[in-house]
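Below: my_file_16.cif (mmCIF, C-alpha atoms)
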data_my_file
loop_
_atom_site.label_atom_id
_atom_site.label_comp_id
_atom_site.auth_asym_id
_atom_site.auth_seq_id
_atom_site.Cartn_x
_atom_site.Cartn_y
_atom_site.Cartn_z
CA SER A 2 26.52 22.76 -4.60
CA GLN A 3 22.75 22.25 -4.38
CA ALA A 4 23.06 18.48 -4.09
CA LYS A 5 24.71 16.09 -1.68
CA VAL A 6 26.07 12.78 -2.98
CA GLY A 7 25.55 10.16 -0.28
CA LYS A 8 27.88 7.17 -0.29
CA PRO A 9 27.06 4.07 1.76
CA ILE A 10 29.55 2.45 4.09
CA LEU A 11 30.80 -0.55 2.14
CA PRO A 12 32.27 -3.49 4.06
CA THR A 13 35.77 -4.63 3.17
CA ASP A 14 37.91 -7.66 3.96
CA ALA A 15 41.38 -7.65 5.52
CA ASN A 16 42.90 -6.82 2.14
CA GLY A 17 40.64 -3.85 1.55
CA ASN A 18 38.48 -5.59 -1.02
CA TYR A 19 34.74 -5.00 -1.00
CA LYS A 20 32.60 -7.86 0.31
CA ASN A 21 28.98 -8.61 1.17
CA HIS A 22 27.54 -7.49 4.47
CA ASP A 23 28.14 -10.06 7.19
CA ASP A 24 24.92 -11.76 8.29
CA ASP A 25 26.18 -11.94 11.88
CA THR A 26 26.54 -8.16 12.14
CA TYR A 27 23.81 -7.04 9.71
CA ASN A 28 21.52 -5.86 12.51
CA ILE A 29 24.25 -4.23 14.63
CA ILE A 30 24.27 -0.47 14.13
CA SER A 31 27.69 1.18 14.24
CA PRO A 32 28.66 4.73 15.24
CA GLU A 33 29.60 5.28 11.60
CA ASP A 34 25.99 4.55 10.59
CA GLY A 35 24.85 7.32 12.94
CA GLU A 36 27.42 9.74 11.56
CA LEU A 37 26.36 9.05 7.97
CA THR A 38 22.69 9.49 8.85
CA MET A 39 23.44 12.88 10.40
CA GLU A 40 25.56 13.86 7.39
CA LEU A 41 22.62 13.19 5.06
CA GLN A 42 20.17 15.00 7.34
CA THR A 43 22.43 18.05 7.57
CA ALA A 44 22.39 18.31 3.78
CA LEU A 45 18.58 18.12 3.75
CA ASP A 46 18.39 20.78 6.48
CA GLU A 47 20.54 23.04 4.28
CA GLY A 48 17.98 22.66 1.50
CA LYS A 49 20.11 20.38 -0.65
CA ASP A 50 18.87 17.47 -2.73
CA LEU A 51 20.21 13.97 -2.00
CA LEU A 52 21.73 11.67 -4.60
CA LEU A 53 22.26 8.28 -2.98
CA CYS A 54 24.81 5.88 -4.48
CA PRO A 55 24.19 2.11 -4.77
CA GLY A 56 24.53 0.20 -1.53
CA ILE A 57 22.86 -0.17 1.86
CA PHE A 58 22.38 2.75 4.27
CA PHE A 59 21.62 1.70 7.86
CA LEU A 60 19.71 4.69 9.22
CA THR A 61 19.63 5.66 12.88
CA LYS A 62 17.02 8.39 12.38
CA PRO A 63 14.50 9.17 9.65
CA LEU A 64 15.61 11.43 6.83
CA VAL A 65 13.27 14.40 7.26
CA VAL A 66 12.42 16.53 4.23
CA LYS A 67 11.51 20.07 5.31
CA HIS A 68 11.92 22.20 2.18
CA PRO A 69 9.58 22.40 -0.85
CA ASN A 70 10.81 20.86 -4.09
CA GLN A 71 13.60 18.80 -2.52
CA VAL A 72 14.65 15.58 -4.22
CA ILE A 73 15.90 12.28 -2.80
CA LEU A 74 17.06 10.12 -5.71
CA GLY A 75 18.63 6.70 -5.44
CA LEU A 76 21.00 5.22 -8.01
CA GLY A 77 21.18 1.48 -8.56
CA LEU A 78 18.31 0.94 -6.15
CA ALA A 79 20.06 2.40 -3.10
CA THR A 80 18.63 0.71 0.00
CA LEU A 81 17.59 2.52 3.18
CA VAL A 82 17.18 0.24 6.20
CA ALA A 83 14.73 1.72 8.69
CA PRO A 84 15.90 2.86 12.13
CA GLN A 85 15.43 0.25 14.83
CA ASP A 86 13.26 2.52 17.01
CA GLY A 87 10.14 2.23 14.84
CA SER A 88 10.61 5.50 12.97
CA PRO A 89 10.44 5.57 9.15
CA CYS A 90 13.26 5.74 6.65
CA ILE A 91 11.91 9.02 5.25
CA ARG A 92 9.43 11.57 6.53
CA VAL A 93 8.22 14.43 4.34
CA ASN A 94 6.95 17.14 6.64
CA ALA A 95 3.35 18.24 6.20
CA LYS A 96 2.65 21.08 3.77
CA THR A 97 5.91 20.61 1.87
CA PRO A 98 4.89 20.65 -1.83
CA GLY A 99 6.85 19.46 -4.83
CA VAL A 100 9.00 16.88 -3.04
CA ARG A 101 10.30 14.09 -5.31
CA ILE A 102 11.46 10.75 -3.91
CA ALA A 103 12.55 8.11 -6.40
CA GLY A 104 14.68 5.08 -7.13
CA LEU A 105 14.88 3.62 -3.61
CA MET A 106 14.49 0.35 -1.77
CA LEU A 107 13.12 0.83 1.75
CA GLU A 108 13.77 -2.11 4.06
CA ALA A 109 12.18 -2.98 7.41
CA SER A 110 14.53 -3.56 10.32
CA VAL A 111 14.64 -5.48 13.56
CA GLN A 112 12.81 -3.34 16.12
CA THR A 113 14.44 -2.61 19.47
CA GLU A 114 12.22 -2.41 22.55
CA LEU A 115 12.63 1.00 24.17
CA PRO A 116 11.59 2.12 27.67
CA SER A 117 9.65 5.00 26.09
CA PRO A 118 8.60 5.92 22.54
CA SER A 119 11.33 7.33 20.35
CA PRO A 120 11.13 11.09 19.76
CA ASP A 121 11.47 10.28 16.06
CA ALA A 122 8.49 7.89 16.02
CA ASN A 123 5.31 8.77 14.15
CA SER A 124 2.97 10.86 16.28
CA ASP A 125 0.23 8.21 16.24
CA GLY A 126 2.58 5.39 17.19
CA VAL A 127 2.19 3.50 13.90
CA THR A 128 5.46 2.20 12.48
CA SER A 129 6.16 2.64 8.76
CA LEU A 130 8.91 2.86 6.16
CA ILE A 131 7.94 6.20 4.62
CA GLU A 132 5.60 9.00 5.69
CA PHE A 133 4.50 11.54 3.10
CA GLY A 134 2.98 14.16 5.37
CA GLU A 135 2.15 13.75 9.05
CA PRO A 136 -0.75 11.86 10.66
CA ASP A 137 -1.72 14.66 13.05
CA VAL A 138 -1.95 17.33 10.32
CA THR A 139 -5.38 16.97 8.73
CA ASN A 140 -5.48 20.09 6.52
CA ASP A 141 -2.50 19.23 4.32
CA THR A 142 -4.13 19.60 0.90
CA GLY A 143 -0.88 19.69 -1.03
CA ASP A 144 -0.52 21.68 -4.23
CA ALA A 145 -2.23 20.52 -7.43
CA THR A 146 0.16 22.68 -9.49
CA ASN A 147 3.23 21.27 -7.72
CA PRO A 148 2.42 17.73 -6.56
CA GLY A 149 4.64 15.47 -4.54
CA LEU A 150 6.03 12.37 -6.24
CA LEU A 151 6.93 8.82 -5.22
CA SER A 152 8.49 7.09 -8.23
CA ASP A 153 10.13 3.66 -8.49
CA ILE A 154 9.80 3.01 -4.76
CA PHE A 155 10.28 -0.56 -3.58
CA THR A 156 9.75 -1.77 -0.02
CA ARG A 157 10.48 -5.08 1.61
CA VAL A 158 9.72 -6.62 4.97
CA GLY A 159 12.05 -9.62 5.07
CA GLY A 160 13.92 -11.41 2.33
CA SER A 161 17.58 -10.57 2.66
CA ASN A 162 17.80 -10.31 6.46
CA LEU A 163 18.18 -13.68 8.16
CA ASP A 164 16.39 -12.32 11.24
CA ARG A 165 12.69 -12.94 10.52
CA SER A 166 11.52 -10.65 13.33
CA VAL A 167 11.86 -7.64 11.01
CA SER A 168 8.56 -5.75 10.98
CA THR A 169 6.61 -2.58 10.37
CA ASP A 170 2.91 -1.80 10.74
CA VAL A 171 2.45 -0.16 7.33
CA MET A 172 5.02 0.19 4.58
CA VAL A 173 3.89 3.44 2.94
CA ARG A 174 1.60 6.14 4.35
CA VAL A 175 0.46 9.20 2.39
CA HIS A 176 -1.17 11.90 4.50
CA SER A 177 -0.59 14.87 2.17
CA GLY A 178 -2.91 15.70 -0.67
CA ASN A 179 -1.90 15.91 -4.34
CA VAL A 180 0.79 13.26 -4.31
CA VAL A 181 1.49 11.09 -7.37
CA GLY A 182 2.80 7.54 -7.12
CA ASP A 183 4.48 5.93 -10.13
CA ASN A 184 5.56 2.28 -9.86
CA LEU A 185 5.37 1.32 -6.19
CA TRP A 186 6.14 -2.32 -5.35
CA LEU A 187 5.39 -2.99 -1.69
CA TRP A 188 6.38 -6.49 -0.59
CA ARG A 189 6.08 -8.48 2.58
CA ALA A 190 8.31 -11.47 2.02
CA ASP A 191 6.61 -14.72 1.05
CA HIS A 192 10.04 -16.39 1.00
CA VAL A 193 13.38 -15.52 2.58
CA ARG A 194 16.98 -16.71 2.52
CA LEU A 195 17.89 -19.94 4.21
CA ASP A 196 20.37 -19.74 7.06
CA LYS A 197 22.74 -22.16 5.35
CA ALA A 198 25.64 -21.39 7.67
CA ASN A 199 23.66 -22.97 10.50
CA GLY A 200 22.36 -25.85 8.41
CA GLU A 201 18.78 -24.66 7.98
CA GLN A 202 16.70 -26.82 5.65
CA PRO A 203 13.78 -25.60 3.52
CA ASN A 204 10.36 -25.93 5.14
CA ASP A 205 8.63 -26.66 1.85
CA PRO A 206 10.06 -29.29 -0.54
CA ASN A 207 8.60 -27.40 -3.50
CA PHE A 208 11.02 -24.52 -2.82
CA PRO A 209 14.43 -26.04 -2.04
CA TYR A 210 16.38 -22.77 -2.06
CA TYR A 211 14.28 -20.66 0.32
CA HIS A 212 12.41 -20.64 3.61
CA GLN A 213 8.69 -20.02 3.05
CA VAL A 214 7.47 -17.31 5.42
CA ARG A 215 4.96 -18.42 8.02
CA ILE A 216 2.68 -16.72 10.56
CA GLY A 217 4.62 -14.47 12.94
CA GLU A 218 7.52 -13.88 10.57
CA CYS A 219 8.26 -10.64 8.71
CA THR A 220 5.07 -9.05 9.98
CA THR A 221 3.29 -6.07 8.47
CA LYS A 222 -0.42 -5.25 8.40
CA ASN A 223 -0.81 -3.07 5.31
CA ALA A 224 1.26 -2.25 2.25
CA ILE A 225 -0.09 1.30 1.86
CA GLU A 226 -2.51 3.64 3.57
CA VAL A 227 -3.64 6.79 1.78
CA ARG A 228 -5.34 9.52 3.79
CA GLY A 229 -4.57 12.50 1.57
CA ASP A 230 -7.05 13.84 -0.98
CA ASN A 231 -6.45 13.84 -4.75
CA VAL A 232 -3.70 11.23 -4.58
CA LYS A 233 -3.06 9.33 -7.80
CA MET A 234 -1.22 6.03 -8.22
CA TYR A 235 0.02 4.53 -11.48
CA GLY A 236 1.29 0.96 -11.11
CA LEU A 237 0.69 -0.04 -7.49
CA PHE A 238 1.78 -3.50 -6.36
CA CYS A 239 0.82 -4.71 -2.86
CA GLU A 240 1.99 -8.12 -1.68
CA HIS A 241 1.33 -10.54 1.17
CA THR A 242 0.54 -8.26 4.15
CA THR A 243 -1.53 -9.81 6.92
CA GLU A 244 -4.58 -7.49 6.82
CA HIS A 245 -5.95 -5.23 4.04
CA GLN A 246 -3.21 -4.90 1.41
CA MET A 247 -4.24 -1.34 0.46
CA VAL A 248 -6.31 1.05 2.62
CA TRP A 249 -7.63 4.20 0.94
CA LYS A 250 -9.33 6.93 3.01
CA GLY A 251 -8.68 10.06 0.94
CA GLU A 252 -11.18 11.74 -1.39
CA GLY A 253 -10.76 12.15 -5.13
CA GLY A 254 -8.09 9.47 -5.42
CA SER A 255 -7.36 7.14 -8.29
CA VAL A 256 -5.35 3.99 -8.97
CA THR A 257 -4.46 2.90 -12.48
CA PHE A 258 -3.19 -0.69 -12.59
CA PHE A 259 -3.25 -2.49 -9.26
CA GLN A 260 -1.68 -5.91 -8.78
CA CYS A 261 -1.94 -7.80 -5.52
CA GLU A 262 -1.19 -11.21 -4.07
CA LEU A 263 -2.89 -11.98 -0.79
CA PRO A 264 -0.61 -13.49 1.90
CA TYR A 265 0.40 -17.12 1.53
CA ASP A 266 0.72 -18.03 5.19
CA VAL A 267 -2.39 -16.69 6.98
CA ASN A 268 -5.03 -18.90 8.59
CA ILE A 269 -8.81 -18.87 8.13
CA ASP A 270 -9.15 -15.76 10.34
CA PHE A 271 -7.97 -13.73 7.35
CA GLY A 272 -11.22 -14.56 5.58
CA HIS A 273 -13.39 -14.37 8.70
CA ASN A 274 -12.08 -10.86 9.45
CA GLY A 275 -13.00 -9.64 5.98
CA PHE A 276 -9.50 -8.68 4.86
CA THR A 277 -9.06 -7.95 1.17
CA GLY A 278 -6.65 -6.71 -1.47
CA TYR A 279 -8.13 -3.34 -2.46
CA TYR A 280 -10.02 -1.55 0.32
CA VAL A 281 -11.67 1.85 -0.02
CA ASP A 282 -13.18 3.18 3.21
CA GLY A 283 -16.96 3.47 3.33
CA LYS A 284 -16.78 7.22 4.03
CA VAL A 285 -15.06 7.95 0.71
CA ASP A 286 -17.38 9.57 -1.88
CA VAL A 287 -15.10 9.93 -4.93
CA HIS A 288 -12.62 7.28 -6.12
CA THR A 289 -11.57 5.73 -9.42
CA ALA A 290 -9.87 2.35 -9.83
CA ARG A 291 -8.77 1.05 -13.24
CA GLY A 292 -7.40 -2.42 -13.85
CA VAL A 293 -7.55 -4.06 -10.43
CA GLY A 294 -6.36 -7.64 -10.04
CA VAL A 295 -6.18 -9.62 -6.80
CA TYR A 296 -4.62 -13.09 -6.66
CA THR A 297 -4.62 -15.90 -4.14
CA ASN A 298 -2.07 -18.57 -3.22
CA PHE A 299 -2.92 -19.73 0.29
CA GLN A 300 -0.24 -22.33 1.00
CA VAL A 301 -0.99 -23.53 4.52
CA PHE A 302 -4.68 -23.10 5.40
CA ASP A 303 -7.92 -23.39 3.45
CA VAL A 304 -8.63 -19.66 3.48
CA HIS A 305 -11.56 -18.14 1.59
CA ALA A 306 -11.48 -14.36 1.36
CA ASN A 307 -14.94 -12.89 0.90
CA ALA A 308 -13.94 -10.45 -1.85
CA GLY A 309 -10.81 -9.25 -3.60
CA ILE A 310 -12.02 -5.64 -3.76
CA ILE A 311 -14.12 -3.71 -1.23
CA LEU A 312 -15.43 -0.22 -1.89
CA PRO A 313 -18.52 1.91 -1.26
CA SER A 314 -21.56 1.89 -3.55
CA LYS A 315 -21.82 5.55 -4.56
CA ASP A 316 -22.30 7.37 -7.85
CA SER A 317 -18.75 8.76 -7.92
CA ILE A 318 -17.03 5.47 -7.15
CA VAL A 319 -15.75 4.09 -10.46
CA LEU A 320 -14.29 0.61 -10.94
CA GLN A 321 -12.97 -0.55 -14.31
CA ASN A 322 -12.00 -4.11 -15.29
CA PRO A 323 -11.78 -5.77 -11.86
CA PHE A 324 -10.80 -9.43 -11.60
CA THR A 325 -9.54 -12.09 -9.23
CA ARG A 326 -7.23 -15.03 -9.91
CA PHE A 327 -6.55 -18.31 -8.14
CA LEU A 328 -2.86 -19.11 -8.56
CA ASN A 329 -2.25 -22.30 -6.61
CA ASN A 330 -2.71 -24.39 -3.46
CA LEU A 331 -5.71 -23.90 -1.12
CA GLY A 332 -8.85 -21.82 -0.63
CA GLY A 333 -9.73 -18.91 -2.89
CA ILE A 334 -11.83 -15.74 -3.10
CA ARG A 335 -15.62 -16.02 -2.97
CA ASN A 336 -16.43 -12.85 -4.95
CA VAL A 337 -14.56 -10.33 -7.02
CA VAL A 338 -16.17 -7.19 -5.55
CA LEU A 339 -18.03 -6.21 -2.42
CA GLN A 340 -19.54 -2.81 -3.24
CA GLY A 341 -21.56 -1.43 -0.37
CA LYS A 342 -23.53 -4.50 0.70
CA ALA A 343 -23.65 -6.03 -2.76
CA LEU A 344 -21.43 -8.82 -4.07
CA ALA A 345 -20.41 -9.26 -7.70
CA GLY A 346 -18.29 -11.78 -9.58
CA ASP A 347 -17.87 -15.52 -9.24
CA ALA A 348 -15.61 -17.37 -6.86
CA VAL A 349 -12.08 -18.36 -7.79
CA THR A 350 -10.82 -21.73 -6.59
CA GLU A 351 -8.69 -24.57 -7.92
CA LYS A 352 -11.60 -25.53 -10.21
CA SER A 353 -12.32 -22.02 -11.51
CA ARG A 354 -9.16 -19.96 -11.61
CA ILE A 355 -10.22 -16.53 -12.90
CA ALA A 356 -13.29 -14.34 -12.42
CA ARG A 357 -14.34 -10.94 -13.71
CA SER A 358 -17.24 -9.05 -12.21
CA TRP A 359 -17.53 -6.96 -15.37
CA VAL A 360 -15.46 -5.72 -18.31
CA GLY A 361 -15.11 -1.99 -18.82
CA GLU A 362 -16.16 0.78 -16.50
CA LYS A 363 -18.96 0.65 -13.97
CA ARG A 364 -20.15 3.48 -11.77
CA ALA A 365 -21.54 2.32 -8.48
CA ILE A 366 -24.33 0.70 -7.88
CA VAL A 367 -24.15 -3.08 -8.05
CA LYS A 368 -27.47 -4.81 -7.64
CA LEU A 369 -27.83 -7.10 -4.69
CA VAL A 370 -27.43 -10.79 -5.46
#
Here is a file; write its structure as structure tokens.
Amino acid sequence: SQAKVGKPILPTDANGNYKNHDDDTYNIISPEDGELTMELQTALDEGKDLLLCPGIFFLTKPLVVKHPNQVILGLGLATLVAPQDGSPCIRVNAKTPGVRIAGLMLEASVQTELPSPSPDANSDGVTSLIEFGEPDVTNDTGDATNPGLLSDIFTRVGGSNLDRSVSTDVMVRVHSGNVVGDNLWLWRADHVRLDKANGEQPNDPNFPYYHQVRIGECTTKNAIEVRGDNVKMYGLFCEHTTEHQMVWKGEGGSVTFFQCELPYDVNIDFGHNGFTGYYVDGKVDVHTARGVGVYTNFQVFDVHANAGIILPSKDSIVLQNPFTRFLNNLGGIRNVVLQGKALAGDAVTEKSRIARSWVGEKRAIVKLV
């Protein structure tokens, strides 16, 4: 067979009936988890595709894709929980064209302090949930005639795990060129389950069924970082990370439909440090963004982000239909766009809840205001 069907380890009660994972043991990795991880990796090493059944897979090492055109496909939103040594759920080796990864939930884990870096960690020491390409390979142009694909990929840092120390630096990193993303929802938890067994009460009376995440819980800096050239995203959702939500450093990239909520729990330093929803590095010369919306719902502090979108002011930087939206609570966003050194678009606050810098397409250069 050219495909391996991966079945998660499902917990059972004393009578052999399936049950939910026990919260008390959720973060305890078993020898069986290691055996299943190696079983899946062996199939990948043999050049097989992976078909992952519904359920939760607690990985002890990243699943490394080494062969062109391999597929990892999840059914029923199969969930991969990241290894506890800081390595990602999945790593696609550099210069491996045509790889398709789809239909998965990637979940951050509790990180274990190690005396030395894990041999499976990313080469630059950044923790993540998926690596498409490798950070130390800078000439990975990919293949325009056989692009890589990330489709229906969901990530979460917090939510289901009662331990709120779960973390990762960046959820998704794309180093390879010519990769297509289709429907990526990248979520740092804004709310998580209450520990009802230990009598935990909600910390916000407006949300009686959940704990609202606060500073220091479920930490992650960025939802996605793109370094590869000619990467295209269709339906990119970035939520609640504590620094720039999206960071784009590759040339010739494009995003069509971007939806973003800034974090609820940060303090005024978020605005003072210039963090934003949609960030394109100043060295980028060619980039297209269509339908970019950035929202605010600062719950705890009176935070004012300077702009929802930051990008260079160059002739081949195209931005179509950008807007910002105030949803609720405190603070707001002072401008829709910071392009080069120029600001465009009105502020959004409780008194003025939506702002558009322009309607339609605009190429560079915004006049200074």
**Item:** Chain and number of each residue from the PyMOL selection byres ((chain A and resi 314-320) around 12), as JSON, numbers by chain
**Value:** {"A": [252, 253, 254, 255, 256, 257, 258, 259, 279, 281, 282, 283, 284, 285, 286, 287, 288, 289, 290, 291, 292, 293, 294, 310, 311, 312, 313, 321, 322, 323, 324, 337, 338, 339, 340, 341, 342, 343, 344, 345, 357, 358, 359, 360, 361, 362, 363, 364, 365, 366, 367, 368, 369]}
Save the residues we just selected, C-alpha atoms, as a compact mmCIF listing (two decimals), keeping the file's coordinate frame?
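Here's the written file result_15.txt:
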# COMPACT_ATOMS: atom_id res chain seq x y z
CA GLU A 252 -11.18 11.74 -1.39
CA GLY A 253 -10.76 12.15 -5.13
CA GLY A 254 -8.09 9.47 -5.42
CA SER A 255 -7.36 7.14 -8.29
CA VAL A 256 -5.35 3.99 -8.97
CA THR A 257 -4.46 2.90 -12.48
CA PHE A 258 -3.19 -0.69 -12.59
CA PHE A 259 -3.25 -2.49 -9.26
CA TYR A 279 -8.13 -3.34 -2.46
CA VAL A 281 -11.67 1.85 -0.02
CA ASP A 282 -13.18 3.18 3.21
CA GLY A 283 -16.96 3.47 3.33
CA LYS A 284 -16.78 7.22 4.03
CA VAL A 285 -15.06 7.95 0.71
CA ASP A 286 -17.38 9.57 -1.88
CA VAL A 287 -15.10 9.93 -4.93
CA HIS A 288 -12.62 7.28 -6.12
CA THR A 289 -11.57 5.73 -9.42
CA ALA A 290 -9.87 2.35 -9.83
CA ARG A 291 -8.77 1.05 -13.24
CA GLY A 292 -7.40 -2.42 -13.85
CA VAL A 293 -7.55 -4.06 -10.43
CA GLY A 294 -6.36 -7.64 -10.04
CA ILE A 310 -12.02 -5.64 -3.76
CA ILE A 311 -14.12 -3.71 -1.23
CA LEU A 312 -15.43 -0.22 -1.89
CA PRO A 313 -18.52 1.91 -1.26
CA GLN A 321 -12.97 -0.55 -14.31
CA ASN A 322 -12.00 -4.11 -15.29
CA PRO A 323 -11.78 -5.77 -11.86
CA PHE A 324 -10.80 -9.43 -11.60
CA VAL A 337 -14.56 -10.33 -7.02
CA VAL A 338 -16.17 -7.19 -5.55
CA LEU A 339 -18.03 -6.21 -2.42
CA GLN A 340 -19.54 -2.81 -3.24
CA GLY A 341 -21.56 -1.43 -0.37
CA LYS A 342 -23.53 -4.50 0.70
CA ALA A 343 -23.65 -6.03 -2.76
CA LEU A 344 -21.43 -8.82 -4.07
CA ALA A 345 -20.41 -9.26 -7.70
CA ARG A 357 -14.34 -10.94 -13.71
CA SER A 358 -17.24 -9.05 -12.21
CA TRP A 359 -17.53 -6.96 -15.37
CA VAL A 360 -15.46 -5.72 -18.31
CA GLY A 361 -15.11 -1.99 -18.82
CA GLU A 362 -16.16 0.78 -16.50
CA LYS A 363 -18.96 0.65 -13.97
CA ARG A 364 -20.15 3.48 -11.77
CA ALA A 365 -21.54 2.32 -8.48
CA ILE A 366 -24.33 0.70 -7.88
CA VAL A 367 -24.15 -3.08 -8.05
CA LYS A 368 -27.47 -4.81 -7.64
CA LEU A 369 -27.83 -7.10 -4.69
**Item:** Shell around Leu195 (chain A) at 7 Å using all atoms listed in the file, local window under 4 positions removed, as a VMD selection string
**Value:** chain A and resid 201 211 to 212
Check which residues satisfy the PyMOL selection byres ((chain A and resi 53-55) around 10) in the file shown, then give them as a short mmCIF file (atom, residue, chain, number, x, y, z; two decimals) with C-alpha atoms, in the frame of the given file.
data_model
loop_
_atom_site.label_atom_id
_atom_site.label_comp_id
_atom_site.auth_asym_id
_atom_site.auth_seq_id
_atom_site.Cartn_x
_atom_site.Cartn_y
_atom_site.Cartn_z
CA LYS A 5 24.71 16.09 -1.68
CA VAL A 6 26.07 12.78 -2.98
CA GLY A 7 25.55 10.16 -0.28
CA LYS A 8 27.88 7.17 -0.29
CA PRO A 9 27.06 4.07 1.76
CA LEU A 11 30.80 -0.55 2.14
CA LEU A 41 22.62 13.19 5.06
CA ASP A 50 18.87 17.47 -2.73
CA LEU A 51 20.21 13.97 -2.00
CA LEU A 52 21.73 11.67 -4.60
CA GLY A 56 24.53 0.20 -1.53
CA ILE A 57 22.86 -0.17 1.86
CA PHE A 58 22.38 2.75 4.27
CA ILE A 73 15.90 12.28 -2.80
CA LEU A 74 17.06 10.12 -5.71
CA GLY A 75 18.63 6.70 -5.44
CA LEU A 76 21.00 5.22 -8.01
CA GLY A 77 21.18 1.48 -8.56
CA LEU A 78 18.31 0.94 -6.15
CA ALA A 79 20.06 2.40 -3.10
CA THR A 80 18.63 0.71 0.00
CA LEU A 81 17.59 2.52 3.18
CA GLY A 104 14.68 5.08 -7.13
CA LEU A 105 14.88 3.62 -3.61
#
**Message:** Using all atoms listed in the file for the distances, tell me which of A:Asn330, A:Gln3, A:Asn231, A:Asn162 is nearest to Asp141 (chain A).
**Reply:**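 Among the listed residues, A:Asn231 lies closest to Asp141 (chain A).
CA of Asn329 (chain A) lies 25.3 Å from CA of Phe155 (chain A).
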**Request:** Considering only C-alpha atoms, return as a VMD selection string whatever protein or nucleic-acid residues lie within 7 Å of Phe276 (chain A), sequence-local ones (same chain, fewer than 3 positions apart) excluded.
**Result:** chain A and resid 244 to 245 271 to 272 306
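One distance worth recording is that between CA of Trp188 (chain A) and CA of Phe238 (chain A), which is 8.0 Å.
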Need the axis-aligned box for region 33-52 of chain A with 4 Å each side, so what are the centre and edges in Å to one decimal, as lines of an AutoDock Vina configuration file?
center_x = 23.8
center_y = 13.8
center_z = 4.2
size_x = 19.6
size_y = 26.5
size_z = 25.5
**Asked** Can you list, as a count of residues only, the residues that the PyMOL selection byres ((chain A and resi 172) around 10) selects here?
**Response** 30
**Message:** If I take CA of Val167 (chain A) and CA of Gly217 (chain A), how far is one from the other in Å, to one decimal?
**Reply:** 10.1 Å
**Prompt:** So which one's closest to Gly333 (chain A), A:Val100, A:Leu64, A:Leu45, A:Val349? Using only C-alpha atoms, please.
**Reply:** A:Val349
